[in-house]
>>> print(open('input_25.pdb').read())   # PDB, C-alpha atoms
ATOM      1  CA  MET A 195     -93.895  -3.081  -8.578
ATOM      2  CA  GLN A 196     -90.485  -4.363  -9.589
ATOM      3  CA  ALA A 197     -88.365  -6.903  -7.777
ATOM      4  CA  PRO A 198     -85.857  -5.500  -5.263
ATOM      5  CA  PRO A 199     -82.275  -5.053  -6.470
ATOM      6  CA  THR A 200     -80.131  -8.154  -6.467
ATOM      7  CA  GLU A 201     -77.060  -8.470  -4.283
ATOM      8  CA  GLU A 202     -74.922  -8.184  -7.414
ATOM      9  CA  GLN A 203     -76.566  -4.912  -8.488
ATOM     10  CA  ARG A 204     -76.180  -3.596  -4.983
ATOM     11  CA  ARG A 205     -72.473  -4.388  -4.872
ATOM     12  CA  ALA A 206     -71.910  -2.821  -8.290
ATOM     13  CA  VAL A 207     -73.505   0.454  -7.192
ATOM     14  CA  GLU A 208     -71.678   0.508  -3.882
ATOM     15  CA  ALA A 209     -68.351  -0.077  -5.597
ATOM     16  CA  LEU A 210     -68.921   2.880  -7.920
ATOM     17  CA  VAL A 211     -70.230   5.255  -5.287
ATOM     18  CA  SER A 212     -67.728   4.443  -2.548
ATOM     19  CA  GLY A 213     -64.918   4.689  -5.114
ATOM     20  CA  ALA A 214     -65.907   8.233  -6.065
ATOM     21  CA  PRO A 215     -63.393  10.839  -4.952
ATOM     22  CA  GLY A 216     -63.727  13.720  -2.534
ATOM     23  CA  GLY A 217     -65.694  14.407   0.574
ATOM     24  CA  ARG A 218     -65.211  13.127   4.072
ATOM     25  CA  ALA A 219     -67.360  10.188   5.033
ATOM     26  CA  ALA A 220     -69.685  12.359   7.132
ATOM     27  CA  ASP A 221     -70.399  14.583   4.143
ATOM     28  CA  ARG A 222     -71.575  11.617   2.156
ATOM     29  CA  SER A 223     -74.804  11.003   4.020
ATOM     30  CA  PHE A 224     -77.875  12.177   2.141
ATOM     31  CA  SER A 225     -79.886  15.100   3.395
ATOM     32  CA  GLU A 226     -82.203  15.808   0.443
ATOM     33  CA  PRO A 227     -84.005  13.456  -1.956
ATOM     34  CA  TRP A 228     -82.430  15.063  -5.040
ATOM     35  CA  GLU A 229     -79.024  13.927  -3.809
ATOM     36  CA  ILE A 230     -80.059  10.286  -4.015
ATOM     37  CA  ARG A 231     -81.586  10.893  -7.423
ATOM     38  CA  ALA A 232     -78.383  12.555  -8.656
ATOM     39  CA  VAL A 233     -76.300   9.585  -7.504
ATOM     40  CA  ALA A 234     -78.719   7.133  -9.136
ATOM     41  CA  LEU A 235     -78.652   9.131 -12.388
ATOM     42  CA  ALA A 236     -74.849   9.123 -12.583
ATOM     43  CA  VAL A 237     -74.606   5.416 -11.826
ATOM     44  CA  THR A 238     -77.372   4.534 -14.312
ATOM     45  CA  ALA A 239     -75.912   6.718 -17.078
ATOM     46  CA  HIS A 240     -72.520   5.090 -16.604
ATOM     47  CA  GLN A 241     -73.977   1.581 -16.522
ATOM     48  CA  ARG A 242     -75.874   2.354 -19.729
ATOM     49  CA  GLY A 243     -72.615   3.219 -21.406
ATOM     50  CA  CYS A 244     -72.979   7.018 -21.546
ATOM     51  CA  PHE A 245     -69.520   7.617 -20.100
ATOM     52  CA  GLU A 246     -66.574   5.985 -18.370
ATOM     53  CA  TRP A 247     -66.666   6.190 -14.595
ATOM     54  CA  SER A 248     -63.123   7.546 -14.643
ATOM     55  CA  ALA A 249     -64.326  10.536 -16.687
ATOM     56  CA  PHE A 250     -66.991  11.230 -14.090
ATOM     57  CA  GLN A 251     -64.452  10.889 -11.282
ATOM     58  CA  ALA A 252     -62.125  13.351 -13.002
ATOM     59  CA  ALA A 253     -64.965  15.860 -13.403
ATOM     60  CA  LEU A 254     -65.903  15.467  -9.747
ATOM     61  CA  ILE A 255     -62.317  16.052  -8.634
ATOM     62  CA  GLU A 256     -62.145  19.128 -10.808
ATOM     63  CA  SER A 257     -65.395  20.572  -9.490
ATOM     64  CA  ILE A 258     -64.266  20.121  -5.891
ATOM     65  CA  ARG A 259     -60.805  21.519  -6.611
ATOM     66  CA  ASP A 260     -62.315  24.593  -8.272
ATOM     67  CA  TRP A 261     -64.482  25.186  -5.241
ATOM     68  CA  GLU A 262     -61.563  24.767  -2.828
ATOM     69  CA  SER A 263     -59.283  27.106  -4.701
ATOM     70  CA  GLY A 264     -62.012  29.607  -5.567
ATOM     71  CA  ALA A 265     -62.192  33.101  -4.095
ATOM     72  CA  PRO A 266     -64.616  33.294  -1.166
ATOM     73  CA  ASP A 267     -67.928  33.772  -2.940
ATOM     74  CA  PRO A 268     -71.022  33.794  -0.712
ATOM     75  CA  GLU A 269     -73.026  32.178  -3.515
ATOM     76  CA  ARG A 270     -70.819  29.143  -3.448
ATOM     77  CA  ALA A 271     -69.640  29.259   0.147
ATOM     78  CA  VAL A 272     -71.796  26.340   1.294
ATOM     79  CA  TRP A 273     -70.153  22.985   0.827
ATOM     80  CA  SER A 274     -72.373  20.472  -0.933
ATOM     81  CA  TYR A 275     -70.777  17.209  -1.941
ATOM     82  CA  TYR A 276     -73.742  16.266  -4.095
ATOM     83  CA  GLY A 277     -73.810  19.728  -5.631
ATOM     84  CA  HIS A 278     -70.358  18.888  -6.999
ATOM     85  CA  TRP A 279     -71.612  15.453  -7.941
ATOM     86  CA  LEU A 280     -74.382  17.004 -10.049
ATOM     87  CA  ALA A 281     -72.025  19.543 -11.610
ATOM     88  CA  ALA A 282     -69.661  16.712 -12.586
ATOM     89  CA  LEU A 283     -72.504  14.673 -14.040
ATOM     90  CA  GLU A 284     -73.725  17.597 -16.154
ATOM     91  CA  ARG A 285     -70.179  18.226 -17.285
ATOM     92  CA  VAL A 286     -69.528  14.690 -18.562
ATOM     93  CA  LEU A 287     -72.944  14.429 -20.206
ATOM     94  CA  VAL A 288     -72.284  17.677 -22.066
ATOM     95  CA  ASP A 289     -68.771  16.492 -22.986
ATOM     96  CA  VAL A 290     -70.046  13.272 -24.566
ATOM     97  CA  GLY A 291     -72.830  15.156 -26.333
ATOM     98  CA  ASP A 292     -75.786  13.545 -24.550
ATOM     99  CA  VAL A 293     -76.972  16.836 -23.095
ATOM    100  CA  GLU A 294     -77.127  20.267 -24.694
ATOM    101  CA  PRO A 295     -76.527  23.019 -22.077
ATOM    102  CA  SER A 296     -79.231  25.302 -23.505
ATOM    103  CA  ALA A 297     -81.758  22.442 -23.648
ATOM    104  CA  LEU A 298     -80.986  21.642 -20.024
ATOM    105  CA  ALA A 299     -81.440  25.258 -18.970
ATOM    106  CA  GLN A 300     -84.812  25.392 -20.735
ATOM    107  CA  ARG A 301     -85.942  22.185 -19.122
ATOM    108  CA  VAL A 302     -84.963  23.457 -15.658
ATOM    109  CA  GLU A 303     -87.137  26.531 -16.250
ATOM    110  CA  ALA A 304     -90.030  24.304 -17.283
ATOM    111  CA  VAL A 305     -89.699  22.176 -14.151
ATOM    112  CA  LEU A 306     -89.557  25.246 -11.909
ATOM    113  CA  ALA A 307     -92.627  26.696 -13.619
ATOM    114  CA  THR A 308     -94.704  23.626 -12.755
ATOM    115  CA  PRO A 309     -96.427  24.186  -9.406
ATOM    116  CA  PRO A 310     -95.523  21.404  -6.955
ATOM    117  CA  GLY A 311     -98.438  19.176  -6.094
ATOM    118  CA  ARG A 312    -100.743  21.576  -7.964
ATOM    119  CA  ASP A 313    -103.950  21.653  -5.939
ATOM    120  CA  HIS A 314    -102.355  19.803  -3.088
ATOM    121  CA  GLN A 315    -101.074  22.723  -1.076
ATOM    122  CA  MET A 316    -103.732  22.769   1.607
ATOM    123  CA  ALA A 317    -103.210  21.228   5.016
ATOM    124  CA  HIS A 318    -105.812  18.553   5.738
ATOM    125  CA  LEU A 319    -106.469  18.951   9.427
ATOM    126  CA  ASP A 320    -109.021  16.176   9.948
ATOM    127  CA  PRO A 321    -108.735  12.456   9.271
ATOM    128  CA  VAL A 322    -109.639  11.553   5.715
ATOM    129  CA  ALA A 323    -111.268   8.339   6.930
ATOM    130  CA  VAL A 324    -112.341   6.886  10.273
ATOM    131  CA  ASP A 325    -113.093   3.257  10.994
ATOM    132  CA  PRO A 326    -115.008   3.425  14.279
ATOM    133  CA  ALA A 327    -114.299   1.228  17.270
ATOM    134  CA  ARG A 328    -116.784  -1.533  18.025
ATOM    135  CA  ARG A 329    -117.014  -1.975  21.754
TER     136      ARG A 329
ATOM    137  CA  MET B  34     -89.415  29.993   1.331
ATOM    138  CA  SER B  35     -85.994  30.599   2.877
ATOM    139  CA  ASP B  36     -82.971  31.065   0.632
ATOM    140  CA  VAL B  37     -81.725  27.618   1.544
ATOM    141  CA  ALA B  38     -85.076  26.043   0.646
ATOM    142  CA  LYS B  39     -85.105  27.989  -2.604
ATOM    143  CA  ASP B  40     -81.608  26.760  -3.472
ATOM    144  CA  GLN B  41     -82.662  23.206  -2.717
ATOM    145  CA  ALA B  42     -85.755  23.554  -4.911
ATOM    146  CA  ALA B  43     -83.635  24.944  -7.761
ATOM    147  CA  ILE B  44     -81.095  22.159  -7.595
ATOM    148  CA  ALA B  45     -83.827  19.521  -7.274
ATOM    149  CA  ALA B  46     -85.371  20.954 -10.459
ATOM    150  CA  ARG B  47     -82.005  20.635 -12.152
ATOM    151  CA  VAL B  48     -81.788  16.948 -11.300
ATOM    152  CA  LYS B  49     -85.345  16.385 -12.486
ATOM    153  CA  ALA B  50     -84.679  18.215 -15.768
ATOM    154  CA  LEU B  51     -81.524  16.203 -16.385
ATOM    155  CA  GLU B  52     -83.343  12.948 -15.737
ATOM    156  CA  SER B  53     -86.213  13.826 -18.081
ATOM    157  CA  ILE B  54     -83.795  14.682 -20.890
ATOM    158  CA  LEU B  55     -81.870  11.422 -20.490
ATOM    159  CA  ILE B  56     -85.101   9.415 -20.469
ATOM    160  CA  GLU B  57     -86.445  11.261 -23.501
ATOM    161  CA  GLN B  58     -83.324  10.351 -25.431
ATOM    162  CA  GLY B  59     -83.843   6.703 -24.631
ATOM    163  CA  LEU B  60     -80.611   6.508 -22.642
ATOM    164  CA  MET B  61     -82.414   5.093 -19.585
ATOM    165  CA  THR B  62     -85.858   4.514 -18.090
ATOM    166  CA  THR B  63     -87.387   5.739 -14.847
ATOM    167  CA  ALA B  64     -87.447   2.148 -13.609
ATOM    168  CA  MET B  65     -83.656   1.896 -14.036
ATOM    169  CA  VAL B  66     -83.056   5.051 -12.024
ATOM    170  CA  ASP B  67     -85.571   3.919  -9.390
ATOM    171  CA  ARG B  68     -83.737   0.650  -9.037
ATOM    172  CA  THR B  69     -80.393   2.337  -8.410
ATOM    173  CA  ALA B  70     -81.928   4.930  -6.105
ATOM    174  CA  GLU B  71     -83.477   2.194  -4.014
ATOM    175  CA  ILE B  72     -80.006   0.939  -3.151
ATOM    176  CA  ASP B  73     -78.938   4.331  -1.806
ATOM    177  CA  GLU B  74     -82.200   5.053  -0.055
ATOM    178  CA  ASN B  75     -81.321   2.636   2.704
ATOM    179  CA  GLU B  76     -78.884   5.221   3.938
ATOM    180  CA  VAL B  77     -81.470   7.811   4.834
ATOM    181  CA  GLY B  78     -83.822   5.167   6.103
ATOM    182  CA  PRO B  79     -86.304   5.573   8.896
ATOM    183  CA  GLN B  80     -83.704   5.484  11.659
ATOM    184  CA  LEU B  81     -84.109   9.199  12.310
ATOM    185  CA  GLY B  82     -87.817   8.769  12.983
ATOM    186  CA  ALA B  83     -87.013   5.768  15.178
ATOM    187  CA  LYS B  84     -84.688   7.960  17.240
ATOM    188  CA  VAL B  85     -87.463  10.506  17.758
ATOM    189  CA  VAL B  86     -89.942   7.799  18.776
ATOM    190  CA  ALA B  87     -87.517   6.281  21.287
ATOM    191  CA  ARG B  88     -86.886   9.699  22.833
ATOM    192  CA  ALA B  89     -90.626  10.316  23.110
ATOM    193  CA  TRP B  90     -91.061   6.970  24.883
ATOM    194  CA  VAL B  91     -88.471   7.708  27.559
ATOM    195  CA  ASP B  92     -88.967  11.455  27.960
ATOM    196  CA  PRO B  93     -92.573  12.589  28.641
ATOM    197  CA  GLU B  94     -91.633  16.255  28.326
ATOM    198  CA  PHE B  95     -90.177  15.629  24.871
ATOM    199  CA  ARG B  96     -93.250  13.620  23.952
ATOM    200  CA  ARG B  97     -95.452  16.553  24.895
ATOM    201  CA  ARG B  98     -93.376  18.915  22.747
ATOM    202  CA  LEU B  99     -93.366  16.424  19.859
ATOM    203  CA  LEU B 100     -97.148  16.122  19.813
ATOM    204  CA  GLU B 101     -97.532  19.858  20.147
ATOM    205  CA  ASN B 102     -95.086  20.817  17.395
ATOM    206  CA  ALA B 103     -93.313  17.934  15.682
ATOM    207  CA  THR B 104     -91.235  20.146  13.421
ATOM    208  CA  GLU B 105     -89.726  22.065  16.356
ATOM    209  CA  ALA B 106     -89.227  18.963  18.500
ATOM    210  CA  CYS B 107     -87.427  17.138  15.677
ATOM    211  CA  ARG B 108     -85.218  20.151  15.187
ATOM    212  CA  GLU B 109     -84.089  19.753  18.820
ATOM    213  CA  LEU B 110     -82.584  16.442  17.715
ATOM    214  CA  GLY B 111     -81.045  18.040  14.638
ATOM    215  CA  ILE B 112     -83.610  16.450  12.343
ATOM    216  CA  GLY B 113     -85.309  18.402   9.596
ATOM    217  CA  GLY B 114     -85.087  19.178   5.944
ATOM    218  CA  LEU B 115     -87.001  20.600   3.052
ATOM    219  CA  GLN B 116     -89.863  18.158   3.299
ATOM    220  CA  GLY B 117     -89.635  17.887   7.049
ATOM    221  CA  GLU B 118     -91.406  21.201   7.364
ATOM    222  CA  ASN B 119     -94.897  21.236   8.898
ATOM    223  CA  MET B 120     -94.885  17.777  10.345
ATOM    224  CA  ALA B 121     -97.501  16.563  12.775
ATOM    225  CA  VAL B 122     -97.123  13.469  14.915
ATOM    226  CA  LEU B 123    -100.200  11.423  15.844
ATOM    227  CA  GLU B 124    -100.042   9.385  19.033
ATOM    228  CA  ASP B 125    -101.385   5.839  19.030
ATOM    229  CA  THR B 126    -103.311   4.778  22.141
ATOM    230  CA  ASP B 127    -105.421   1.767  23.105
ATOM    231  CA  GLU B 128    -108.473   3.672  21.907
ATOM    232  CA  VAL B 129    -107.216   5.130  18.637
ATOM    233  CA  HIS B 130    -104.809   3.936  15.966
ATOM    234  CA  HIS B 131    -103.550   6.293  13.249
ATOM    235  CA  ALA B 132    -102.353   5.622   9.727
ATOM    236  CA  ILE B 133    -101.196   7.965   6.986
ATOM    237  CA  VAL B 134    -101.819   8.142   3.265
ATOM    238  CA  CYS B 135    -101.506  10.763   0.621
ATOM    239  CA  THR B 136    -104.586  10.572  -1.552
ATOM    240  CA  LEU B 137    -103.349  12.849  -4.316
ATOM    241  CA  CYS B 138     -99.625  12.385  -4.716
ATOM    242  CA  SER B 139     -97.249  10.889  -2.225
ATOM    243  CA  CYS B 140     -96.349  13.538   0.295
ATOM    244  CA  TYR B 141     -94.316  11.880   2.959
ATOM    245  CA  PRO B 142     -92.297  13.050   5.963
ATOM    246  CA  TRP B 143     -89.114  11.767   4.386
ATOM    247  CA  ALA B 144     -86.859  13.772   6.735
ATOM    248  CA  VAL B 145     -87.760  11.297   9.475
ATOM    249  CA  LEU B 146     -88.923   8.240   7.546
ATOM    250  CA  GLY B 147     -86.552   8.215   4.578
ATOM    251  CA  LEU B 148     -88.035   8.011   1.112
ATOM    252  CA  PRO B 149     -91.468   6.411   0.751
ATOM    253  CA  PRO B 150     -91.745   2.714  -0.093
ATOM    254  CA  ASN B 151     -93.149   1.911  -3.524
ATOM    255  CA  TRP B 152     -96.496   0.645  -2.255
ATOM    256  CA  TYR B 153     -97.135   3.958  -0.486
ATOM    257  CA  LYS B 154     -97.093   5.668  -3.867
ATOM    258  CA  GLU B 155     -99.463   3.198  -5.489
ATOM    259  CA  PRO B 156    -103.049   4.353  -6.059
ATOM    260  CA  ALA B 157    -104.328   1.017  -4.754
ATOM    261  CA  TYR B 158    -102.936   1.630  -1.267
ATOM    262  CA  ARG B 159    -104.184   5.187  -1.074
ATOM    263  CA  ALA B 160    -107.679   4.396  -2.318
ATOM    264  CA  ARG B 161    -108.216   1.265  -0.259
ATOM    265  CA  MET B 162    -106.817   2.720   2.956
ATOM    266  CA  VAL B 163    -109.468   5.418   2.809
ATOM    267  CA  ARG B 164    -112.265   2.981   1.955
ATOM    268  CA  GLU B 165    -111.523   0.056   4.234
ATOM    269  CA  PRO B 166    -108.498   0.727   6.446
ATOM    270  CA  ARG B 167    -109.120  -2.081   8.925
ATOM    271  CA  ARG B 168    -109.203  -4.637   6.152
ATOM    272  CA  VAL B 169    -106.168  -3.295   4.320
ATOM    273  CA  LEU B 170    -104.131  -3.366   7.524
ATOM    274  CA  ALA B 171    -105.166  -6.969   8.209
ATOM    275  CA  ASP B 172    -104.973  -8.312   4.636
ATOM    276  CA  GLU B 173    -102.027  -6.438   3.187
ATOM    277  CA  PHE B 174     -99.890  -5.827   6.250
ATOM    278  CA  GLY B 175    -100.912  -8.633   8.601
ATOM    279  CA  TYR B 176    -101.725  -6.029  11.225
ATOM    280  CA  ALA B 177    -104.948  -6.866  13.055
ATOM    281  CA  VAL B 178    -106.087  -3.734  14.870
ATOM    282  CA  PRO B 179    -108.432  -4.751  17.715
ATOM    283  CA  GLU B 180    -112.106  -4.154  16.964
ATOM    284  CA  ARG B 181    -112.402  -1.877  19.984
ATOM    285  CA  THR B 182    -109.739   0.454  18.602
ATOM    286  CA  GLU B 183    -110.843   3.225  16.280
ATOM    287  CA  ILE B 184    -108.735   3.732  13.152
ATOM    288  CA  ARG B 185    -108.122   7.217  11.823
ATOM    289  CA  VAL B 186    -106.552   7.678   8.404
ATOM    290  CA  TRP B 187    -104.823  10.977   7.740
ATOM    291  CA  ASP B 188    -104.120  12.583   4.400
ATOM    292  CA  SER B 189    -100.646  14.055   4.160
ATOM    293  CA  SER B 190    -100.208  17.063   1.916
ATOM    294  CA  SER B 191     -97.222  19.218   1.160
ATOM    295  CA  GLU B 192     -98.486  21.652   3.802
ATOM    296  CA  MET B 193     -98.947  19.094   6.555
ATOM    297  CA  ARG B 194     -97.106  15.826   6.715
ATOM    298  CA  TYR B 195     -98.321  13.344   9.284
ATOM    299  CA  TRP B 196     -96.566  10.427  10.881
ATOM    300  CA  VAL B 197     -97.362   8.116  13.750
ATOM    301  CA  LEU B 198     -95.958   7.738  17.246
ATOM    302  CA  PRO B 199     -96.572   4.016  17.820
ATOM    303  CA  ARG B 200     -97.197   2.507  21.251
ATOM    304  CA  ARG B 201     -94.198   1.339  23.213
ATOM    305  CA  PRO B 202     -94.258  -2.445  23.418
ATOM    306  CA  ALA B 203     -94.691  -4.146  26.789
ATOM    307  CA  GLY B 204     -91.626  -5.780  28.285
ATOM    308  CA  THR B 205     -89.232  -2.973  27.372
ATOM    309  CA  GLU B 206     -89.097  -1.307  30.784
ATOM    310  CA  GLY B 207     -85.645   0.030  31.560
ATOM    311  CA  TRP B 208     -84.432  -0.257  27.939
ATOM    312  CA  SER B 209     -82.055   2.396  26.631
ATOM    313  CA  GLU B 210     -83.091   4.807  23.876
ATOM    314  CA  GLU B 211     -80.753   3.012  21.468
ATOM    315  CA  GLN B 212     -82.300  -0.360  22.242
ATOM    316  CA  LEU B 213     -85.795   1.044  21.827
ATOM    317  CA  ALA B 214     -84.961   2.846  18.581
ATOM    318  CA  ALA B 215     -83.774  -0.437  17.077
ATOM    319  CA  LEU B 216     -87.293  -1.853  17.528
ATOM    320  CA  VAL B 217     -89.095   0.965  15.718
ATOM    321  CA  THR B 218     -89.933   0.157  12.108
ATOM    322  CA  ARG B 219     -90.830   2.425   9.233
ATOM    323  CA  ASP B 220     -94.174   0.652   8.893
ATOM    324  CA  SER B 221     -95.060   1.434  12.501
ATOM    325  CA  MET B 222     -94.508   5.153  11.845
ATOM    326  CA  ILE B 223     -96.700   5.035   8.716
ATOM    327  CA  GLY B 224     -99.268   3.231  10.850
ATOM    328  CA  VAL B 225     -99.370  -0.049   8.955
ATOM    329  CA  GLY B 226     -97.622  -2.094  11.637
ATOM    330  CA  SER B 227     -97.008  -2.191  15.368
ATOM    331  CA  VAL B 228     -93.754  -2.221  17.309
ATOM    332  CA  ARG B 229     -93.014  -5.588  18.830
ATOM    333  CA  ALA B 230     -90.521  -6.466  21.517
ATOM    334  CA  PRO B 231     -88.381  -9.499  20.701
ATOM    335  CA  SER B 232     -89.862 -12.562  22.376
TER     336      SER B 232
END
>>> encode(input="input_25.pdb", output="structure tokens")
Amino acid sequence: MQAPPTEEQRRAVEALVSGAPGGRAADRSFSEPWEIRAVALAVTAHQRGCFEWSAFQAALIESIRDWESGAPDPERAVWSYYGHWLAALERVLVDVGDVEPSALAQRVEAVLATPPGRDHQMAHLDPVAVDPARR
Amino acid sequence: MSDVAKDQAAIAARVKALESILIEQGLMTTAMVDRTAEIDENEVGPQLGAKVVARAWVDPEFRRRLLENATEACRELGIGGLQGENMAVLEDTDEVHHAIVCTLCSCYPWAVLGLPPNWYKEPAYRARMVREPRRVLADEFGYAVPERTEIRVWDSSSEMRYWVLPRRPAGTEGWSEEQLAALVTRDSMIGVGSVRAPS
């Protein structure tokens, strides 16, 4: 186990995330775990010197603008703030040369090919342990 | 899987792939990403589960529906999500106390409880909770379950995610749902703590 984040680390992350463009406040709440992971990845990559935050912000603005001005396409009709966030992150990482688009595509295939939880798909309908009452 | 669930799985895979590439290149470590994620996790938090618990305490009809089909009942309150599917809620009584583990990975009803705490994912918690739950609750969580109460430990899997409806604390008669929800902790819904009214 590692120590919880310090107040300073917390403030640094909040400053970056709340300063990111686009999206009404209500759209910013997380609804899937990957969204949190995507935010953490962008912040970590920036803090590790992979790219300037301003470059990420510009990519995020561009992704959102493209979506807003795009022709109505059912594939992309659903608004996802963190979908844009991820697109922007991929974009800057490709731009700085840290990620190769074809390598990323291959890796995505590999992840999707791995069965989730492997042999853990069954529902366990009884308690796995019981500590009886002593009356 | 619905189209929406499929889309979510695809995009989640994308994030995972990106992370593994960045780690492989030595640009960051999992621990660094974990640390940053922990800061954001507070936003999803267990307050959704707390809302459900408070509703169940004040509305017996809702409680009945929740125990019968937690997934549907949570949906009534607009709560759900990819991993919120196939949830089952276990009701604590004077006779029986419930606690959840995942003995293989760390399946967790995150749609209501937020993301799992680190200790939940540690093998030590999972293994010991199955072997000696009463002792783990007392030693590790300071939660002394009375001897006359049976403890049942449930194994969450991706097909069935359990969580606990804790007992409403005495002295909260006439409280509003909001007041009650503020008392409900994540630990009480995992089953490693009780809900206490402020003294």
>>> closest_residue(input="input_25.pdb", among="A:Thr308, A:Ser248, A:Ser263, A:Ser257", to="chain B", atoms="all atoms listed in the file")
A:Thr308
>>> resolve_selection(input="input_25.pdb", expression="the PyMOL selection byres ((chain B and resi 131) around 10)", output="MDAnalysis selection string")
(chainID A and resid 321 324) or (chainID B and resid 122:126 129:130 132:133 183:187 195:199 221:225)
>>> interface_residues(input="input_25.pdb", of="chain B", to="chain A", cutoff="7 Å", atoms="all atoms listed in the file", output="VMD selection string")
chain B and resid 45 to 48 50 to 52 60 65 to 66 68 to 70 72 to 74 77 163 166 to 167 180 to 188 190 to 193
>>> atom_distance(input="input_25.pdb", atom1="CA of Ser209 (chain B)", atom2="CA of Pro231 (chain B)")
14.7 Å
>>> atom_distance(input="input_25.pdb", atom1="CA of Ile255 (chain A)", atom2="CA of Ser53 (chain B)")
25.8 Å
>>> atom_distance(input="input_25.pdb", atom1="CA of Gly226 (chain B)", atom2="CA of Arg98 (chain B)")
24.1 Å
>>> residues_around(input="input_25.pdb", residues="Ala249 (chain A)", least_positions_apart="2", cutoff="12 Å", atoms="all atoms listed in the file", output="number ranges by chain")
A: 214-215, 236, 240, 244-247, 251-256, 282-290
>>> residues_around(input="input_25.pdb", residues="Val85 (chain B)", least_positions_apart="3", cutoff="10 Å", atoms="only C-alpha atoms", output="ChimeraX atom specification")
/B:80-82,88-90,95-96,99,103,106-107,109-110,112,145,198,210,214,217
>>> closest_residue(input="input_25.pdb", among="B:Ala87, B:Leu146, B:Met162, B:Ile56", to="Pro202 (chain B)", atoms="all atoms listed in the file")
B:Ala87
>>> closest_residue(input="input_25.pdb", among="B:Val178, B:Val169, B:Ala42, B:Pro79", to="Tyr141 (chain B)", atoms="only C-alpha atoms")
B:Pro79
>>> axis_aligned_box(input="input_25.pdb", around="region 80-84 of chain B", padding_each_side="6 Å", output="JSON")
{"center_x": -85.8, "center_y": 7.3, "center_z": 14.4, "size_x": 16.1, "size_y": 15.7, "size_z": 17.6}
